[in-house]
$ cat structure.cif   # mmCIF, C-alpha atoms and all ligand atoms
data_structure
loop_
_atom_site.label_atom_id
_atom_site.label_comp_id
_atom_site.auth_asym_id
_atom_site.auth_seq_id
_atom_site.Cartn_x
_atom_site.Cartn_y
_atom_site.Cartn_z
CA MET Y 425 6.87 4.76 62.59
CA ASP Y 426 6.42 4.22 66.29
CA GLY Y 427 9.25 3.41 68.70
CA PHE Y 428 7.16 1.38 71.17
CA PHE Y 429 5.99 -0.97 68.44
CA GLN Y 430 9.44 -1.28 66.87
CA THR Y 431 10.72 -4.26 68.81
CA GLU Y 432 14.08 -6.01 68.56
CA LEU Y 433 12.26 -8.59 66.44
CA CYS Y 434 11.57 -5.87 63.84
CA GLN Y 435 15.27 -5.06 63.64
CA ARG Y 436 16.22 -8.72 63.35
CA LEU Y 437 13.79 -9.39 60.53
CA GLY Y 438 14.12 -5.98 58.86
CA ILE Y 439 10.42 -5.11 59.11
CA ASP Y 440 8.65 -1.87 60.13
CA TYR Y 441 5.85 -3.40 62.27
CA PRO Y 442 5.91 -6.52 64.49
CA ILE Y 443 3.11 -8.14 62.49
CA ILE Y 444 3.67 -11.45 60.73
CA GLN Y 445 1.18 -13.05 58.38
CA GLY Y 446 0.66 -16.77 58.95
CA GLY Y 447 1.95 -19.03 56.16
CA MET Y 448 -1.37 -20.74 55.46
CA ALA Y 449 -1.42 -23.60 52.96
CA TRP Y 450 -3.27 -22.66 49.70
CA VAL Y 451 -4.26 -19.26 51.19
CA ALA Y 452 -0.91 -17.54 51.64
CA THR Y 453 0.11 -16.99 48.02
CA GLY Y 454 2.67 -14.53 46.65
CA GLU Y 455 -0.04 -11.88 46.20
CA LEU Y 456 -0.93 -11.91 49.91
CA ALA Y 457 2.63 -12.23 51.20
CA GLY Y 458 3.80 -9.44 48.86
CA ALA Y 459 1.03 -7.09 50.04
CA VAL Y 460 1.80 -7.70 53.72
CA SER Y 461 5.54 -7.22 53.26
CA ALA Y 462 5.01 -4.11 51.12
CA ALA Y 463 2.90 -2.68 53.98
CA GLY Y 464 5.73 -3.13 56.48
CA GLY Y 465 4.80 -6.48 58.05
CA LEU Y 466 6.30 -9.86 57.23
CA GLY Y 467 4.40 -11.62 54.45
CA VAL Y 468 4.82 -15.39 54.44
CA ILE Y 469 4.09 -17.79 51.56
CA GLY Y 470 2.49 -21.04 52.72
CA ALA Y 471 4.27 -23.94 51.03
CA GLY Y 472 1.81 -26.44 52.55
CA ASN Y 473 1.92 -29.65 50.51
CA ALA Y 474 2.89 -27.89 47.26
CA PRO Y 475 5.87 -29.01 45.16
CA ALA Y 476 8.89 -26.72 44.73
CA GLU Y 477 8.00 -25.43 41.25
CA VAL Y 478 4.70 -24.03 42.55
CA VAL Y 479 6.35 -22.32 45.54
CA ALA Y 480 9.11 -20.95 43.25
CA GLU Y 481 6.44 -19.02 41.29
CA GLU Y 482 5.02 -17.55 44.51
CA ILE Y 483 8.51 -16.39 45.53
CA GLU Y 484 8.87 -14.64 42.15
CA LYS Y 485 5.47 -12.99 42.67
CA VAL Y 486 6.53 -11.54 46.02
CA ARG Y 487 9.78 -10.27 44.51
CA SER Y 488 7.80 -8.58 41.70
CA ILE Y 489 5.66 -6.77 44.32
CA THR Y 490 8.29 -5.65 46.84
CA ASP Y 491 12.00 -5.60 47.69
CA LYS Y 492 11.19 -5.90 51.41
CA PRO Y 493 11.87 -9.05 53.47
CA PHE Y 494 9.36 -11.90 53.28
CA GLY Y 495 9.14 -15.51 54.38
CA VAL Y 496 8.15 -19.03 53.33
CA ASN Y 497 6.44 -21.40 55.76
CA VAL Y 498 7.80 -24.92 55.41
CA MET Y 499 5.17 -27.44 56.54
CA LEU Y 500 7.36 -30.24 57.83
CA LEU Y 501 4.77 -32.99 57.18
CA SER Y 502 4.82 -32.20 53.43
CA PRO Y 503 5.91 -34.99 51.08
CA PHE Y 504 7.92 -32.30 49.25
CA VAL Y 505 9.76 -30.99 52.31
CA GLU Y 506 13.22 -31.90 50.92
CA GLU Y 507 12.77 -30.00 47.66
CA ILE Y 508 11.16 -27.04 49.47
CA VAL Y 509 14.20 -26.80 51.77
CA GLU Y 510 16.45 -26.87 48.70
CA LEU Y 511 14.34 -24.15 47.01
CA VAL Y 512 14.19 -21.66 49.89
CA THR Y 513 17.93 -22.07 50.42
CA ARG Y 514 18.77 -21.59 46.73
CA LYS Y 515 16.42 -18.59 46.45
CA LYS Y 516 17.87 -17.08 49.63
CA VAL Y 517 14.42 -16.49 51.13
CA PRO Y 518 15.02 -14.02 54.00
CA VAL Y 519 12.88 -15.80 56.63
CA VAL Y 520 11.76 -19.42 56.93
CA THR Y 521 8.99 -20.27 59.38
CA THR Y 522 8.35 -23.94 60.06
CA GLY Y 523 5.24 -25.75 61.28
CA ALA Y 524 3.97 -29.16 62.36
CA GLY Y 525 7.35 -30.53 63.47
CA ASN Y 526 10.98 -29.99 64.45
CA PRO Y 527 13.14 -28.31 61.77
CA GLY Y 528 16.39 -29.41 63.48
CA LYS Y 529 17.78 -31.51 60.65
CA TYR Y 530 17.35 -28.73 58.07
CA ILE Y 531 18.79 -25.81 60.05
CA SER Y 532 22.35 -25.96 58.68
CA ARG Y 533 21.01 -25.87 55.11
CA PHE Y 534 18.74 -22.90 55.87
CA LYS Y 535 21.69 -21.05 57.38
CA GLU Y 536 23.89 -21.77 54.34
CA GLY Y 537 21.19 -20.03 52.25
CA GLY Y 538 21.24 -17.04 54.60
CA CYS Y 539 17.68 -17.76 55.77
CA GLN Y 540 16.64 -16.70 59.27
CA VAL Y 541 14.70 -19.56 60.87
CA VAL Y 542 11.59 -18.98 62.99
CA PRO Y 543 9.91 -22.23 64.11
CA VAL Y 544 6.32 -22.49 65.32
CA VAL Y 545 6.03 -24.14 68.73
CA SER Y 546 3.08 -25.12 70.88
CA SER Y 547 4.71 -25.66 74.29
CA THR Y 548 7.56 -24.45 76.52
CA ALA Y 549 9.44 -27.75 76.18
CA LEU Y 550 9.40 -27.47 72.40
CA ALA Y 551 10.41 -23.79 72.52
CA LYS Y 552 13.40 -24.62 74.73
CA ARG Y 553 14.45 -27.47 72.43
CA MET Y 554 14.34 -25.08 69.45
CA THR Y 555 16.65 -22.57 71.14
CA ARG Y 556 19.49 -25.11 70.93
CA LEU Y 557 19.30 -24.48 67.17
CA ASP Y 558 20.43 -21.33 65.35
CA ILE Y 559 17.05 -19.59 65.25
CA SER Y 560 16.04 -15.90 65.19
CA ALA Y 561 12.75 -16.15 67.13
CA VAL Y 562 9.95 -18.58 67.94
CA ILE Y 563 6.27 -18.30 67.07
CA ALA Y 564 4.24 -19.56 70.04
CA GLU Y 565 0.91 -20.64 68.61
CA GLY Y 566 -2.04 -21.22 70.94
CA GLY Y 567 -4.93 -23.60 70.36
CA GLU Y 568 -7.23 -20.70 69.42
CA ALA Y 569 -5.47 -20.66 66.04
CA GLY Y 570 -6.84 -22.17 62.86
CA GLY Y 571 -5.41 -25.29 61.26
CA HIS Y 572 -3.12 -27.77 63.00
CA VAL Y 573 -3.12 -26.89 66.72
CA GLY Y 574 -1.43 -27.77 69.99
CA LYS Y 575 -3.07 -28.14 73.41
CA LEU Y 576 -2.18 -24.89 75.19
CA ASN Y 577 -3.86 -21.54 74.74
CA THR Y 578 -2.11 -18.28 73.87
CA MET Y 579 -2.80 -16.41 77.13
CA ALA Y 580 -1.23 -19.09 79.34
CA MET Y 581 1.55 -20.11 76.98
CA ILE Y 582 3.13 -16.78 75.96
CA PRO Y 583 4.44 -15.57 79.34
CA GLN Y 584 5.74 -19.05 80.15
CA ILE Y 585 7.67 -19.28 76.89
CA VAL Y 586 8.89 -15.67 77.23
CA ASP Y 587 10.40 -16.63 80.61
CA ALA Y 588 11.87 -19.88 79.29
CA VAL Y 589 13.76 -18.76 76.17
CA ASN Y 590 16.31 -16.11 75.21
CA VAL Y 591 14.99 -15.36 71.70
CA PRO Y 592 12.12 -13.03 70.72
CA VAL Y 593 8.68 -14.66 71.02
CA ILE Y 594 5.92 -14.04 68.46
CA ALA Y 595 2.39 -14.69 69.76
CA ALA Y 596 -0.11 -16.45 67.50
CA GLY Y 597 -3.65 -17.73 67.94
CA GLY Y 598 -6.63 -15.52 68.81
CA ILE Y 599 -5.16 -12.20 67.64
CA ALA Y 600 -6.80 -10.03 64.98
CA ASP Y 601 -6.68 -6.38 66.06
CA GLY Y 602 -4.81 -3.70 68.00
CA ARG Y 603 -6.12 -4.98 71.34
CA GLY Y 604 -4.65 -8.41 70.67
CA LEU Y 605 -1.35 -6.85 69.60
CA LEU Y 606 -1.11 -4.76 72.77
CA ALA Y 607 -2.10 -7.74 74.95
CA ALA Y 608 0.57 -9.93 73.35
CA LEU Y 609 3.26 -7.27 73.87
CA THR Y 610 2.12 -6.94 77.50
CA LEU Y 611 2.61 -10.69 77.94
CA GLY Y 612 6.21 -10.20 76.80
CA ALA Y 613 5.93 -11.12 73.13
CA GLN Y 614 7.84 -8.98 70.62
CA GLY Y 615 5.41 -9.53 67.78
CA VAL Y 616 2.24 -11.23 66.62
CA GLN Y 617 1.34 -13.62 63.83
CA LEU Y 618 -2.13 -13.40 62.27
CA GLY Y 619 -3.69 -15.98 59.98
CA THR Y 620 -7.48 -15.71 59.94
CA ARG Y 621 -7.42 -11.87 59.85
CA PHE Y 622 -5.29 -11.93 56.67
CA VAL Y 623 -7.61 -14.41 54.93
CA CYS Y 624 -10.15 -11.55 54.89
CA CYS Y 625 -7.79 -9.26 53.08
CA GLU Y 626 -8.35 -7.79 49.59
CA GLU Y 627 -5.08 -9.16 48.24
CA CYS Y 628 -5.77 -12.69 49.52
CA THR Y 629 -6.53 -14.99 46.58
CA ALA Y 630 -8.75 -17.42 48.56
CA SER Y 631 -12.31 -17.81 47.23
CA GLN Y 632 -14.89 -15.17 48.14
CA ALA Y 633 -16.96 -17.93 49.77
CA TYR Y 634 -14.07 -18.78 52.16
CA LYS Y 635 -13.73 -15.12 53.16
CA GLU Y 636 -17.50 -14.76 53.63
CA ALA Y 637 -17.63 -17.90 55.80
CA ILE Y 638 -15.14 -16.23 58.15
CA ILE Y 639 -17.06 -12.94 58.12
CA LYS Y 640 -20.25 -14.82 59.03
CA ALA Y 641 -18.60 -16.85 61.81
CA ARG Y 642 -19.27 -16.24 65.51
CA ASP Y 643 -17.17 -17.05 68.57
CA ARG Y 644 -18.38 -20.67 68.76
CA SER Y 645 -18.29 -21.40 65.04
CA THR Y 646 -15.04 -23.40 65.07
CA VAL Y 647 -14.31 -26.94 66.21
CA VAL Y 648 -11.17 -29.08 66.50
CA THR Y 649 -11.43 -32.23 64.39
CA GLY Y 650 -9.01 -35.11 63.98
CA ARG Y 651 -8.03 -35.55 67.64
CA SER Y 652 -8.30 -39.32 67.12
CA THR Y 653 -5.83 -39.26 64.22
CA GLY Y 654 -3.18 -37.32 66.16
CA HIS Y 655 -3.60 -34.36 63.76
CA PRO Y 656 -5.99 -32.00 65.53
CA VAL Y 657 -7.12 -29.24 63.16
CA ARG Y 658 -9.34 -26.21 63.96
CA VAL Y 659 -11.92 -25.47 61.26
CA LEU Y 660 -15.32 -23.81 60.87
CA LYS Y 661 -18.20 -26.19 61.66
CA ASN Y 662 -19.98 -27.40 58.51
CA ILE Y 663 -21.17 -30.55 56.72
CA PHE Y 664 -17.55 -31.74 56.46
CA THR Y 665 -16.91 -31.51 60.22
CA ARG Y 666 -20.22 -33.24 61.04
CA GLU Y 667 -19.23 -36.13 58.73
CA LEU Y 668 -15.81 -36.29 60.38
CA GLU Y 669 -17.35 -36.32 63.86
CA LYS Y 670 -19.61 -39.19 62.82
CA MET Y 671 -16.60 -41.15 61.54
CA GLU Y 672 -14.70 -40.54 64.79
CA GLU Y 673 -17.74 -41.58 66.89
CA GLN Y 674 -18.11 -44.76 64.84
CA GLY Y 675 -14.47 -45.56 65.58
CA CYS Y 676 -13.25 -45.35 61.98
CA LYS Y 677 -9.54 -46.02 61.47
CA PRO Y 678 -7.25 -42.95 61.52
CA GLU Y 679 -6.19 -43.73 57.92
CA GLU Y 680 -9.84 -43.63 56.75
CA ILE Y 681 -10.37 -40.30 58.51
CA GLU Y 682 -7.16 -38.86 57.04
CA GLU Y 683 -8.19 -40.04 53.58
CA PHE Y 684 -11.62 -38.41 53.94
CA GLY Y 685 -9.91 -35.12 54.80
CA GLU Y 686 -7.59 -35.18 51.81
CA ASP Y 687 -7.91 -32.29 49.33
CA LYS Y 688 -10.69 -30.73 51.42
CA LEU Y 689 -8.71 -27.57 52.27
CA ARG Y 690 -7.93 -26.92 48.58
CA GLN Y 691 -11.61 -27.42 47.70
CA ALA Y 692 -12.68 -24.81 50.25
CA VAL Y 693 -9.93 -22.27 49.51
CA CYS Y 694 -9.70 -22.59 45.72
CA GLU Y 695 -13.15 -23.80 44.69
CA GLY Y 696 -15.24 -22.09 47.38
CA LYS Y 697 -16.69 -25.39 48.65
CA VAL Y 698 -17.21 -24.11 52.16
CA ASP Y 699 -19.90 -26.67 53.11
CA GLU Y 700 -18.14 -29.89 52.08
CA GLY Y 701 -14.57 -28.60 52.38
CA SER Y 702 -12.18 -27.89 55.27
CA VAL Y 703 -12.50 -24.21 56.22
CA MET Y 704 -9.52 -23.77 58.54
CA ALA Y 705 -9.97 -20.68 60.75
CA GLY Y 706 -9.18 -19.56 64.28
CA GLN Y 707 -11.55 -18.74 67.15
CA ILE Y 708 -11.06 -15.02 66.46
CA ALA Y 709 -13.07 -15.44 63.20
CA GLY Y 710 -16.09 -14.04 65.10
CA LEU Y 711 -14.32 -10.68 65.46
CA ILE Y 712 -13.62 -10.25 61.76
CA GLY Y 713 -16.32 -8.23 60.04
CA GLU Y 714 -14.91 -6.91 56.79
CA ILE Y 715 -12.46 -7.48 53.98
CA LEU Y 716 -9.73 -4.83 54.03
CA PRO Y 717 -6.47 -4.16 52.16
CA ALA Y 718 -3.41 -5.60 53.96
CA GLU Y 719 -2.06 -2.11 54.50
CA LYS Y 720 -5.27 -1.03 56.32
CA ILE Y 721 -5.19 -4.12 58.55
CA ILE Y 722 -1.59 -3.42 59.59
CA THR Y 723 -1.76 0.34 60.06
CA GLY Y 724 -5.19 0.02 61.71
CA MET Y 725 -3.83 -2.43 64.29
CA ILE Y 726 -0.87 -0.21 65.12
CA ARG Y 727 -3.11 2.87 65.39
CA GLU Y 728 -5.63 1.08 67.63
CA ALA Y 729 -2.93 -0.29 69.94
CA ARG Y 730 -1.26 3.13 70.19
CA GLN Y 731 -4.57 4.88 70.95
CA LEU Y 732 -5.30 2.38 73.73
CA LEU Y 733 -1.91 2.98 75.25
CA ASP Y 734 -2.25 6.78 74.91
CA LYS Y 735 -5.66 6.73 76.57
CA GLN Y 736 -4.32 4.70 79.48
CA CYS Y 737 -1.33 7.02 79.89
CA GLN Y 738 -3.60 10.10 79.89
CA GLN Y 739 -5.79 8.53 82.56
CA TRP Y 740 -2.77 7.78 84.75
CA GLU Y 741 -1.48 11.31 84.22
CA ALA Y 742 -4.86 12.75 85.29
CA GLU Y 743 -4.92 10.49 88.38
CA LYS Y 744 -1.41 11.58 89.36
CA ASN Y 745 -2.47 15.24 89.09
CA GLY Y 746 -5.43 14.50 91.37
CA LYS Y 747 -8.10 15.23 88.77
O1 LIG Y 801 1.35 -25.95 61.18
C1 LIG Y 801 0.50 -25.27 61.66
N1 LIG Y 801 -0.75 -25.21 61.17
C2 LIG Y 801 -1.18 -25.92 60.11
S1 LIG Y 801 -0.30 -26.98 59.17
C3 LIG Y 801 -1.58 -27.33 58.24
S2 LIG Y 801 -1.51 -28.48 56.95
C4 LIG Y 801 -2.04 -29.86 57.74
N2 LIG Y 801 -3.23 -30.30 57.39
C5 LIG Y 801 -3.71 -31.40 57.97
C6 LIG Y 801 -2.99 -32.09 58.96
C7 LIG Y 801 -1.78 -31.61 59.34
C8 LIG Y 801 -1.30 -30.47 58.74
C9 LIG Y 801 -2.66 -26.63 58.66
N3 LIG Y 801 -2.41 -25.84 59.69
N4 LIG Y 801 0.76 -24.49 62.73
C10 LIG Y 801 2.03 -24.48 63.33
C11 LIG Y 801 2.13 -25.50 64.39
N5 LIG Y 801 3.15 -26.27 64.54
N6 LIG Y 801 1.21 -25.77 65.34
C12 LIG Y 801 1.75 -26.76 66.11
C13 LIG Y 801 2.99 -27.07 65.59
C14 LIG Y 801 3.97 -28.00 66.01
C15 LIG Y 801 3.63 -29.28 66.40
C16 LIG Y 801 4.63 -30.19 66.75
C17 LIG Y 801 5.30 -27.64 65.96
C18 LIG Y 801 6.29 -28.54 66.32
C19 LIG Y 801 5.94 -29.80 66.70
O2 LIG Y 801 6.96 -30.62 67.04
C20 LIG Y 801 6.73 -31.94 67.37
C21 LIG Y 801 8.02 -32.48 67.88
O3 LIG Y 801 8.03 -32.99 69.00
O4 LIG Y 801 9.01 -32.39 67.16
#
$ encode --input "structure.cif" --output "structure tokens" --more "lines below"
Ligand code: TUI
Amino acid sequence: MDGFFQTELCQRLGIDYPIIQGGMAWVATGELAGAVSAAGGLGVIGAGNAPAEVVAEEIEKVRSITDKPFGVNVMLLSPFVEEIVELVTRKKVPVVTTGAGNPGKYISRFKEGGCQVVPVVSSTALAKRMTRLDISAVIAEGGEAGGHVGKLNTMAMIPQIVDAVNVPVIAAGGIADGRGLLAALTLGAQGVQLGTRFVCCEECTASQAYKEAIIKARDRSTVVTGRSTGHPVRVLKNIFTRELEKMEEQGCKPEEIEEFGEDKLRQAVCEGKVDEGSVMAGQIAGLIGEILPAEKIITGMIREARQLLDKQCQQWEAEKNGK
């Protein structure tokens, strides 16, 4: 345990380390969330577009792995959002993160179930609006992130949101190691959320091909598609994104583009179709070089951040002593 890295956010959520695993649709199953929570972070099941009975099984899986707190990400564009809200409330899921919208109308139900609510935001205005609700923290997600993204980047957005709100801020987008953790804390965040890094985790049930596509990626391997449909999504460049770009150039209707994208994430994650499918990943994919157990990712990040801080302190100490 390390005092510096035990932020108020950790106390609020009941976790040992300020590291949250992104609730990625299809990728963030009970196995992954359970492993992250067991290792002292906050594991989060990604409900995505899944119906309640599927998510209920993932909740049971986490509870069979660990007694520690965990979360469910409620994707607010899901056709099953109503039944997912009912499920997480009934199952008393400790933490609910929300994405792709405003959870305002569901907050009272979450609170009745004893769930702490942590919405994802992509701007200061949205973050401020969320603080009128009974929430425990906000996740400020920059456009470096994988999947559905906003316009601002993490570096510029975090300090502005930290200054604008009175709840703990969790930085997301572009973070995958101890350097990113330390940088985020320096910007005033009290924690970090990682998605792409946890895809390349032993306990993650995504296809080997999906993990290998991330390992192979470089800094410029991702692209944002779907700007014309109003649903910009960051993915690895492949045959699928080139087809999508062609459709956008040709001025295809947003409905046609949306229809073409349907089921493509599942195909990539579950069937390993990484050429024709949608391989959602963040810009930090280029930094990820190996598949590790969740516990190694978490303790490695904390160790790296602490060593960086120690080294800096020693240097300052030496300077003060005129060495
Ligand atoms: O939600 C995500 N990332 C996602 S969701 C997803 S599934 C999907 N697939 C295709 C199209 C759309 C979704 C894949 N990746 N990240 C969290 C996030 N939330 N990023 C941005 C936002 C967000 C956007 C608008 C949060 C709130 C919001 O509010 C709008 C408003 O004014 O209420």
$ residues_near_ligand --input "structure.cif" --ligand "ligand LIG 801 (chain Y)" --cutoff "6 Å" --atoms "only C-alpha atoms and all ligand atoms" --output "PyMOL selection string"
chain Y and resi 472+523-526+544-546+571-574+655
$ write_last_selection --input "structure.cif" --atoms "C-alpha atoms" --output "CSV table (one decimal), in the coordinates of the input"
chain,number,residue,atom,x,y,z
Y,472,GLY,CA,1.8,-26.4,52.6
Y,523,GLY,CA,5.2,-25.8,61.3
Y,524,ALA,CA,4.0,-29.2,62.4
Y,525,GLY,CA,7.4,-30.5,63.5
Y,526,ASN,CA,11.0,-30.0,64.4
Y,544,VAL,CA,6.3,-22.5,65.3
Y,545,VAL,CA,6.0,-24.1,68.7
Y,546,SER,CA,3.1,-25.1,70.9
Y,571,GLY,CA,-5.4,-25.3,61.3
Y,572,HIS,CA,-3.1,-27.8,63.0
Y,573,VAL,CA,-3.1,-26.9,66.7
Y,574,GLY,CA,-1.4,-27.8,70.0
Y,655,HIS,CA,-3.6,-34.4,63.8
$ closest_residue --input "structure.cif" --among "Y:Ile444, Y:Met725, Y:Ile531, Y:Ala613" --to "Y:Gln584" --atoms "all atoms listed in the file"
Y:Ala613
$ closest_residue --input "structure.cif" --among "Y:Arg690, Y:Glu482, Y:Pro442, Y:Thr649" --to "Y:Ala595" --atoms "all atoms listed in the file"
Y:Pro442
$ residues_near_point --input "structure.cif" --point "(-16.2, -15.1, 64.8)" --cutoff "7 Å" --atoms "all atoms listed in the file" --output "PyMOL selection string"
chain Y and resi 638+641-643+645+707-712
$ atom_distance --input "structure.cif" --atom1 "atom CA of Y:Leu606" --atom2 "atom CA of Y:Ile721"
14.8 Å
$ residues_around --input "structure.cif" --residues "Y:Asp601" --least-positions-apart "5" --cutoff "12 Å" --atoms "all atoms listed in the file" --output "list in words"
Ile443, Leu606, Ala607, Ala608, Val616, Gln617, Leu618, Gly619, Thr620, Arg621, Phe622, Ile708, Ala709, Leu711, Ile712, Gly713, Lys720, Ile721, Ile722, Thr723, Gly724, Met725, Ile726, Arg727, Glu728, Ala729, Arg730 and Leu732 of chain Y
$ write_last_selection --input "structure.cif" --atoms "C-alpha atoms" --output "PDB file, in the coordinates of the input"
ATOM      1  CA  ILE Y 443       3.110  -8.140  62.490  1.00  0.00           C
ATOM      2  CA  LEU Y 606      -1.110  -4.760  72.770  1.00  0.00           C
ATOM      3  CA  ALA Y 607      -2.100  -7.740  74.950  1.00  0.00           C
ATOM      4  CA  ALA Y 608       0.570  -9.930  73.350  1.00  0.00           C
ATOM      5  CA  VAL Y 616       2.240 -11.230  66.620  1.00  0.00           C
ATOM      6  CA  GLN Y 617       1.340 -13.620  63.830  1.00  0.00           C
ATOM      7  CA  LEU Y 618      -2.130 -13.400  62.270  1.00  0.00           C
ATOM      8  CA  GLY Y 619      -3.690 -15.980  59.980  1.00  0.00           C
ATOM      9  CA  THR Y 620      -7.480 -15.710  59.940  1.00  0.00           C
ATOM     10  CA  ARG Y 621      -7.420 -11.870  59.850  1.00  0.00           C
ATOM     11  CA  PHE Y 622      -5.290 -11.930  56.670  1.00  0.00           C
ATOM     12  CA  ILE Y 708     -11.060 -15.020  66.460  1.00  0.00           C
ATOM     13  CA  ALA Y 709     -13.070 -15.440  63.200  1.00  0.00           C
ATOM     14  CA  LEU Y 711     -14.320 -10.680  65.460  1.00  0.00           C
ATOM     15  CA  ILE Y 712     -13.620 -10.250  61.760  1.00  0.00           C
ATOM     16  CA  GLY Y 713     -16.320  -8.230  60.040  1.00  0.00           C
ATOM     17  CA  LYS Y 720      -5.270  -1.030  56.320  1.00  0.00           C
ATOM     18  CA  ILE Y 721      -5.190  -4.120  58.550  1.00  0.00           C
ATOM     19  CA  ILE Y 722      -1.590  -3.420  59.590  1.00  0.00           C
ATOM     20  CA  THR Y 723      -1.760   0.340  60.060  1.00  0.00           C
ATOM     21  CA  GLY Y 724      -5.190   0.020  61.710  1.00  0.00           C
ATOM     22  CA  MET Y 725      -3.830  -2.430  64.290  1.00  0.00           C
ATOM     23  CA  ILE Y 726      -0.870  -0.210  65.120  1.00  0.00           C
ATOM     24  CA  ARG Y 727      -3.110   2.870  65.390  1.00  0.00           C
ATOM     25  CA  GLU Y 728      -5.630   1.080  67.630  1.00  0.00           C
ATOM     26  CA  ALA Y 729      -2.930  -0.290  69.940  1.00  0.00           C
ATOM     27  CA  ARG Y 730      -1.260   3.130  70.190  1.00  0.00           C
ATOM     28  CA  LEU Y 732      -5.300   2.380  73.730  1.00  0.00           C
TER      29      LEU Y 732
END
$ residues_around --input "structure.cif" --residues "stretch 551-556 of chain Y" --least-positions-apart "2" --cutoff "9 Å" --atoms "all atoms listed in the file" --output "compact mmCIF listing (two decimals) with C-alpha atoms, keeping the file's coordinate frame"
# COMPACT_ATOMS: atom_id res chain seq x y z
CA ASN Y 526 10.98 -29.99 64.45
CA PRO Y 527 13.14 -28.31 61.77
CA GLY Y 528 16.39 -29.41 63.48
CA PRO Y 543 9.91 -22.23 64.11
CA VAL Y 544 6.32 -22.49 65.32
CA VAL Y 545 6.03 -24.14 68.73
CA SER Y 546 3.08 -25.12 70.88
CA SER Y 547 4.71 -25.66 74.29
CA THR Y 548 7.56 -24.45 76.52
CA ALA Y 549 9.44 -27.75 76.18
CA ASP Y 558 20.43 -21.33 65.35
CA ILE Y 559 17.05 -19.59 65.25
CA SER Y 560 16.04 -15.90 65.19
CA ALA Y 561 12.75 -16.15 67.13
CA VAL Y 562 9.95 -18.58 67.94
CA ILE Y 563 6.27 -18.30 67.07
CA ALA Y 564 4.24 -19.56 70.04
CA ILE Y 585 7.67 -19.28 76.89
CA ALA Y 588 11.87 -19.88 79.29
CA VAL Y 589 13.76 -18.76 76.17
CA ASN Y 590 16.31 -16.11 75.21
CA VAL Y 591 14.99 -15.36 71.70
$ atom_distance --input "structure.cif" --atom1 "atom CA of Y:Met581" --atom2 "atom CA of Y:Gln435"
24.3 Å
$ residues_around --input "structure.cif" --residues "Y:Glu686" --least-positions-apart "3" --cutoff "12 Å" --atoms "all atoms listed in the file" --output "VMD selection string"
chain Y and resid 473 664 668 679 to 683 689 to 692 700 to 702
$ residues_around --input "structure.cif" --residues "Y:Gly537" --least-positions-apart "4" --cutoff "8 Å" --atoms "all atoms listed in the file" --output "list in words"
Val512, Thr513, Arg514, Lys515, Lys516, Val517 and Arg533 of chain Y
$ atom_distance --input "structure.cif" --atom1 "atom CA of Y:Arg651" --atom2 "atom CA of Y:Pro678"
9.6 Å
$ residues_around --input "structure.cif" --residues "Y:Cys434" --least-positions-apart "5" --cutoff "10 Å" --atoms "only C-alpha atoms" --output "number ranges by chain"
Y: 429, 439-443, 464-466, 592, 614-615
$ closest_residue --input "structure.cif" --among "Y:Leu550, Y:Ile663, Y:Ile582, Y:Cys624" --to "Y:Lys688" --atoms "all atoms listed in the file"
Y:Ile663
$ axis_aligned_box --input "structure.cif" --around "stretch 482-500 of chain Y" --padding-each-side "5 Å" --output "lines of an AutoDock Vina configuration file"
center_x = 8.5
center_y = -17.9
center_z = 49.8
size_x = 17.0
size_y = 34.6
size_z = 26.1
$ closest_residue --input "structure.cif" --among "Y:Pro503, Y:Gly602, Y:Gly685, Y:Gly567" --to "Y:Leu733" --atoms "all atoms listed in the file"
Y:Gly602
$ closest_residue --input "structure.cif" --among "Y:Lys535, Y:Pro518, Y:Val698, Y:Ile483" --to "Y:Ala633" --atoms "only C-alpha atoms"
Y:Val698
$ closest_residue --input "structure.cif" --among "Y:Gly570, Y:Gly427, Y:Gly467, Y:Gly458" --to "Y:Val659" --atoms "only C-alpha atoms"
Y:Gly570
$ residues_near_point --input "structure.cif" --point "(-3.0, -13.6, 52.4)" --cutoff "9 Å" --atoms "only C-alpha atoms" --output "list in words"
Gln445, Gly446, Gly447, Met448, Val451, Ala452, Thr453, Gly454, Glu455, Leu456, Ala457, Gly458, Ala459, Val460, Gly467, Val468, Ile469, Gly619, Arg621, Phe622, Val623, Cys624, Cys625, Glu626, Glu627, Cys628, Thr629, Ala630 and Ala718 of chain Y
